[in-house]
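Below is one structure, written out as structure tokens; comments come after it.
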Amino acid sequence: MKKVLFVVTSCDEKGDTKIPTGFNLAEVTHPLSVLEEGGVHVDIASIKGGAAPLDGLEDLEEPINKKYWADEVFRTKIANTAKLEDVDTTQYDAIFFAGGHGTMWDFPDTAAVQTAIREMYESGKIVSAVCHGPAALVNAKLSDGSYLVNGKKLAAFTDDEEEEVQSTNVVPFLLASTLEKRGALHQYSPNWSDNTVADGRLITGQNPQSAFSLGKLLLNALK
């Protein structure tokens, strides 16, 4: 059985704004539903371990979210995530970083994130992320010191989308622009459109609307 490690944020506040944040539910449940239906085993880790903060509850009536939110097994996983630095990533075929604004504060500078990405990518595994999840890629370098994203096509939450949700002056940096500065070939689509990109073993998606399609891309790559 193929195994994928999902990683979510542990950050529950947007900087020092007192605005609550966390992981985006659909960006976990949508790819999870695709992978589980495809016979893939999924574990969930976070930066600090323990209960992962949820970025808003506005999507709980969406069918896939509703199904998983009512699932005791899933709720237990989210309430008891493993701490990423304690996880043996060699046991997994892919790593996936879910979004939610919280990732912008704790993904980029966490050593365990950078180590997991480098070791998995260099051992032929898949690295994947959606929406703000590619914040994990901002400082991820390969063993030769180059940025993993340099010269690679990817999708991530765009600067225009950040502006539309009025967070341009809230987030510590603009994700798409920063990835481009690292040499990424960012593939834009109109705001809130389903946009996924696979460049070899790097699989990414632009926003919550891309999470289900990303799950399908990831499943196909695992097969």
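Simple scheme: letters A, B, ... for chains in structure tokens order, numbers from 1 for residues in each chain, numbers from 1 for ligands in the order shown.
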Region 84-98 of chain A: which residues within 8 Å, counting only C-alpha atoms, same-chain residues fewer than 2 positions away excluded, as a PyMOL selection string? chain A and resi 2-9+23-24+27-28+45-49+82+100+112-113+116-117+120+125-134+136+222
Once you have the residues from the selection above, write them out as a tab-separated table (two decimals), in the first residue's frame, restricted to C-alpha atoms.
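Output saved as part24.tsv:
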```
chain	number	residue	atom	x	y	z
A	2	LYS	CA	1.26	3.46	-0.92
A	3	LYS	CA	1.61	5.91	1.95
A	4	VAL	CA	1.35	9.71	1.95
A	5	LEU	CA	2.20	12.08	4.78
A	6	PHE	CA	-0.06	15.13	4.99
A	7	VAL	CA	1.44	18.13	6.80
A	8	VAL	CA	-0.69	20.95	8.23
A	9	THR	CA	0.13	24.16	10.04
A	23	PHE	CA	-5.25	24.82	8.01
A	24	ASN	CA	-7.87	24.87	5.27
A	27	GLU	CA	-7.36	21.28	1.24
A	28	VAL	CA	-7.06	18.27	3.51
A	45	ALA	CA	1.51	15.54	10.87
A	46	SER	CA	1.85	19.17	11.88
A	47	ILE	CA	4.70	21.46	12.82
A	48	LYS	CA	4.20	21.20	16.60
A	49	GLY	CA	2.12	18.03	16.78
A	82	ALA	CA	2.30	13.72	14.85
A	100	GLY	CA	-4.48	27.70	5.10
A	112	ALA	CA	11.87	19.69	9.76
A	113	VAL	CA	9.93	20.93	6.72
A	116	ALA	CA	11.63	16.30	4.87
A	117	ILE	CA	11.32	17.95	1.46
A	120	MET	CA	12.09	12.80	0.14
A	125	LYS	CA	9.63	10.55	-3.67
A	126	ILE	CA	6.85	13.02	-4.52
A	127	VAL	CA	6.61	16.50	-2.99
A	128	SER	CA	3.19	18.13	-3.23
A	129	ALA	CA	1.40	21.22	-1.92
A	130	VAL	CA	-1.72	23.31	-2.51
A	131	CYS	CA	-2.73	26.96	-2.06
A	132	HIS	CA	-0.58	28.40	0.78
A	133	GLY	CA	0.97	24.97	1.30
A	134	PRO	CA	3.80	25.85	-1.13
A	136	ALA	CA	6.89	24.96	2.59
A	222	LEU	CA	1.68	7.27	-7.01
```
Near region 59-76 of chain A, within 8 Å and counting only C-alpha atoms, which residues show up once chain neighbours fewer than 2 positions away are dropped, as a list in words? Leu25, Ala26, Thr29, His30, Ser33, Gly56, Leu57, Ile78, Ala79 and Asn80 of chain A
Please write the residues from the selection above to a file, keeping N, CA and C atoms, as a PDB file, in the first residue's frame.
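The new file out11.pdb reads:
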```pdb
ATOM      1  N   LEU A  25      -9.655  23.272   5.656  1.00  0.00           N
ATOM      2  CA  LEU A  25     -10.244  21.937   5.758  1.00  0.00           C
ATOM      3  C   LEU A  25     -10.349  21.237   4.406  1.00  0.00           C
ATOM      4  N   ALA A  26     -10.877  21.932   3.397  1.00  0.00           N
ATOM      5  CA  ALA A  26     -11.059  21.305   2.084  1.00  0.00           C
ATOM      6  C   ALA A  26      -9.733  20.886   1.460  1.00  0.00           C
ATOM      7  N   THR A  29      -9.348  17.501   3.230  1.00  0.00           N
ATOM      8  CA  THR A  29     -10.364  16.468   2.980  1.00  0.00           C
ATOM      9  C   THR A  29     -10.506  16.100   1.502  1.00  0.00           C
ATOM     10  N   HIS A  30     -10.358  17.073   0.613  1.00  0.00           N
ATOM     11  CA  HIS A  30     -10.567  16.768  -0.810  1.00  0.00           C
ATOM     12  C   HIS A  30      -9.498  15.836  -1.375  1.00  0.00           C
ATOM     13  N   SER A  33      -9.902  12.373   0.315  1.00  0.00           N
ATOM     14  CA  SER A  33     -10.982  11.531  -0.199  1.00  0.00           C
ATOM     15  C   SER A  33     -10.553  10.787  -1.461  1.00  0.00           C
ATOM     16  N   GLY A  56     -11.165  28.493  10.065  1.00  0.00           N
ATOM     17  CA  GLY A  56     -12.557  28.809   9.758  1.00  0.00           C
ATOM     18  C   GLY A  56     -13.413  27.568   9.583  1.00  0.00           C
ATOM     19  N   LEU A  57     -14.705  27.699   9.870  1.00  0.00           N
ATOM     20  CA  LEU A  57     -15.635  26.573   9.775  1.00  0.00           C
ATOM     21  C   LEU A  57     -16.705  26.811   8.715  1.00  0.00           C
ATOM     22  N   ILE A  78      -6.851  14.647  13.342  1.00  0.00           N
ATOM     23  CA  ILE A  78      -6.612  16.087  13.348  1.00  0.00           C
ATOM     24  C   ILE A  78      -6.324  16.594  14.761  1.00  0.00           C
ATOM     25  N   ALA A  79      -6.914  15.935  15.738  1.00  0.00           N
ATOM     26  CA  ALA A  79      -6.722  16.342  17.135  1.00  0.00           C
ATOM     27  C   ALA A  79      -5.436  15.782  17.741  1.00  0.00           C
ATOM     28  N   ASN A  80      -4.829  14.826  17.028  1.00  0.00           N
ATOM     29  CA  ASN A  80      -3.639  14.158  17.558  1.00  0.00           C
ATOM     30  C   ASN A  80      -2.572  13.987  16.472  1.00  0.00           C
TER      31      ASN A  80
END
```
If you count only C-alpha atoms, the residue of A:Gly151, A:Pro31, A:Gly124, A:Gly15 closest to Leu218 (chain A) turns out to be A:Pro31
I need the residues in region 89-135 of chain A that are alpha helix (DSSP H) according to DSSP; give them as a list in words. Thr103, Met104, Trp105, Asp106, Ala111, Ala112, Val113, Gln114, Thr115, Ala116, Ile117, Arg118, Glu119, Met120, Tyr121 and Glu122 of chain A
With only C-alpha atoms as the counted atoms, please give the residues lying no more than 9 Å from Val138 (chain A), apart from itself and same-chain residues fewer than 4 positions off, as an MDAnalysis selection string. chainID A and resid 107:109 134 147:149 175 178:179 182
Suppose we keep N, CA and C atoms; can you now write the selection as an mmCIF file, in the first residue's frame?
```
data_model
loop_
_atom_site.group_PDB
_atom_site.id
_atom_site.type_symbol
_atom_site.label_atom_id
_atom_site.label_comp_id
_atom_site.auth_asym_id
_atom_site.auth_seq_id
_atom_site.Cartn_x
_atom_site.Cartn_y
_atom_site.Cartn_z
ATOM 1 N N PHE A 107 5.557 27.275 8.113
ATOM 2 C CA PHE A 107 6.172 26.349 7.157
ATOM 3 C C PHE A 107 7.571 26.780 6.687
ATOM 4 N N PRO A 108 7.768 28.045 6.281
ATOM 5 C CA PRO A 108 9.014 28.400 5.590
ATOM 6 C C PRO A 108 10.294 28.185 6.389
ATOM 7 N N ASP A 109 10.271 28.464 7.676
ATOM 8 C CA ASP A 109 11.510 28.451 8.465
ATOM 9 C C ASP A 109 11.627 27.267 9.410
ATOM 10 N N PRO A 134 2.475 25.646 -0.560
ATOM 11 C CA PRO A 134 3.804 25.847 -1.134
ATOM 12 C C PRO A 134 4.698 26.815 -0.355
ATOM 13 N N TYR A 147 17.707 26.035 -4.691
ATOM 14 C CA TYR A 147 16.297 25.943 -4.302
ATOM 15 C C TYR A 147 15.609 24.856 -5.125
ATOM 16 N N LEU A 148 14.829 24.023 -4.466
ATOM 17 C CA LEU A 148 14.142 22.942 -5.166
ATOM 18 C C LEU A 148 13.257 23.489 -6.289
ATOM 19 N N VAL A 149 12.632 24.642 -6.055
ATOM 20 C CA VAL A 149 11.679 25.177 -7.042
ATOM 21 C C VAL A 149 12.360 25.853 -8.231
ATOM 22 N N LEU A 175 3.359 34.918 -1.405
ATOM 23 C CA LEU A 175 3.832 33.586 -1.732
ATOM 24 C C LEU A 175 4.293 33.441 -3.179
ATOM 25 N N THR A 178 7.425 35.438 -4.029
ATOM 26 C CA THR A 178 8.619 34.910 -3.366
ATOM 27 C C THR A 178 9.099 33.629 -4.033
ATOM 28 N N LEU A 179 8.173 32.763 -4.430
ATOM 29 C CA LEU A 179 8.561 31.553 -5.150
ATOM 30 C C LEU A 179 9.233 31.898 -6.474
ATOM 31 N N ARG A 182 12.715 32.734 -6.091
ATOM 32 C CA ARG A 182 13.542 31.533 -5.894
ATOM 33 C C ARG A 182 13.768 30.792 -7.211
#
```
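Residue nearest Val171 (chain A) within the list A:Thr17, A:Ser10, A:Asn220, A:Thr81: A:Thr17 [criterion: smallest interatomic distance, only C-alpha atoms].
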Could you tell me how far CA of Ala176 (chain A) lies from CA of Thr158 (chain A), in Å and to one decimal? 5.3 Å
Out of region 72-186 of chain A, which residues get strand (DSSP E or B) from DSSP, as a PyMOL selection string? chain A and resi 81-83+94-97+126-130+141+147+153-154+185-186
Go ahead and write the selection's residues with N, CA and C atoms as a CSV table (one decimal), in the first residue's frame.
```
chain,number,residue,atom,x,y,z
A,81,THR,N,-2.3,15.1,15.8
A,81,THR,CA,-1.3,15.0,14.7
A,81,THR,C,0.1,14.7,15.3
A,82,ALA,N,0.9,14.0,14.5
A,82,ALA,CA,2.3,13.7,14.8
A,82,ALA,C,3.1,15.0,14.7
A,83,LYS,N,4.2,15.2,15.4
A,83,LYS,CA,5.1,16.3,15.2
A,83,LYS,C,6.0,15.9,14.0
A,94,ALA,N,5.1,9.9,-0.6
A,94,ALA,CA,4.9,11.3,-1.0
A,94,ALA,C,4.7,12.1,0.3
A,95,ILE,N,4.9,13.4,0.2
A,95,ILE,CA,4.6,14.3,1.3
A,95,ILE,C,3.7,15.4,0.7
A,96,PHE,N,2.7,15.8,1.4
A,96,PHE,CA,1.8,16.8,0.9
A,96,PHE,C,1.6,17.9,1.9
A,97,PHE,N,1.7,19.1,1.5
A,97,PHE,CA,1.6,20.3,2.4
A,97,PHE,C,0.2,21.0,2.1
A,126,ILE,N,7.6,11.9,-4.0
A,126,ILE,CA,6.8,13.0,-4.5
A,126,ILE,C,6.7,14.1,-3.5
A,127,VAL,N,6.9,15.3,-3.9
A,127,VAL,CA,6.6,16.5,-3.0
A,127,VAL,C,5.4,17.3,-3.6
A,128,SER,N,4.4,17.5,-2.7
A,128,SER,CA,3.2,18.1,-3.2
A,128,SER,C,2.7,19.2,-2.2
A,129,ALA,N,1.9,20.2,-2.8
A,129,ALA,CA,1.4,21.2,-1.9
A,129,ALA,C,0.3,21.9,-2.7
A,130,VAL,N,-0.6,22.6,-1.9
A,130,VAL,CA,-1.7,23.3,-2.5
A,130,VAL,C,-1.9,24.6,-1.8
A,141,LYS,N,15.8,23.7,0.1
A,141,LYS,CA,17.0,23.6,-0.8
A,141,LYS,C,17.4,22.1,-0.9
A,147,TYR,N,17.7,26.0,-4.7
A,147,TYR,CA,16.3,25.9,-4.3
A,147,TYR,C,15.6,24.9,-5.1
A,153,LYS,N,8.1,24.3,-12.9
A,153,LYS,CA,6.7,24.9,-13.0
A,153,LYS,C,6.0,24.5,-11.7
A,154,LEU,N,5.2,25.4,-11.2
A,154,LEU,CA,4.3,25.1,-10.1
A,154,LEU,C,3.2,26.1,-10.0
A,185,LEU,N,8.8,28.8,-11.8
A,185,LEU,CA,8.1,29.2,-13.0
A,185,LEU,C,6.6,29.1,-12.7
A,186,HIS,N,6.1,30.2,-12.1
A,186,HIS,CA,4.7,30.1,-11.5
A,186,HIS,C,3.7,30.1,-12.6
```
Just the residues within 8 Å of Val197 (chain A), please, counting only C-alpha atoms, with nothing from its chain fewer than 3 positions along; format it as a list of chain:residue names. A:Lys153, A:Leu154, A:Ala155, A:Gln187, A:Ile203, A:Thr204, A:Gly205
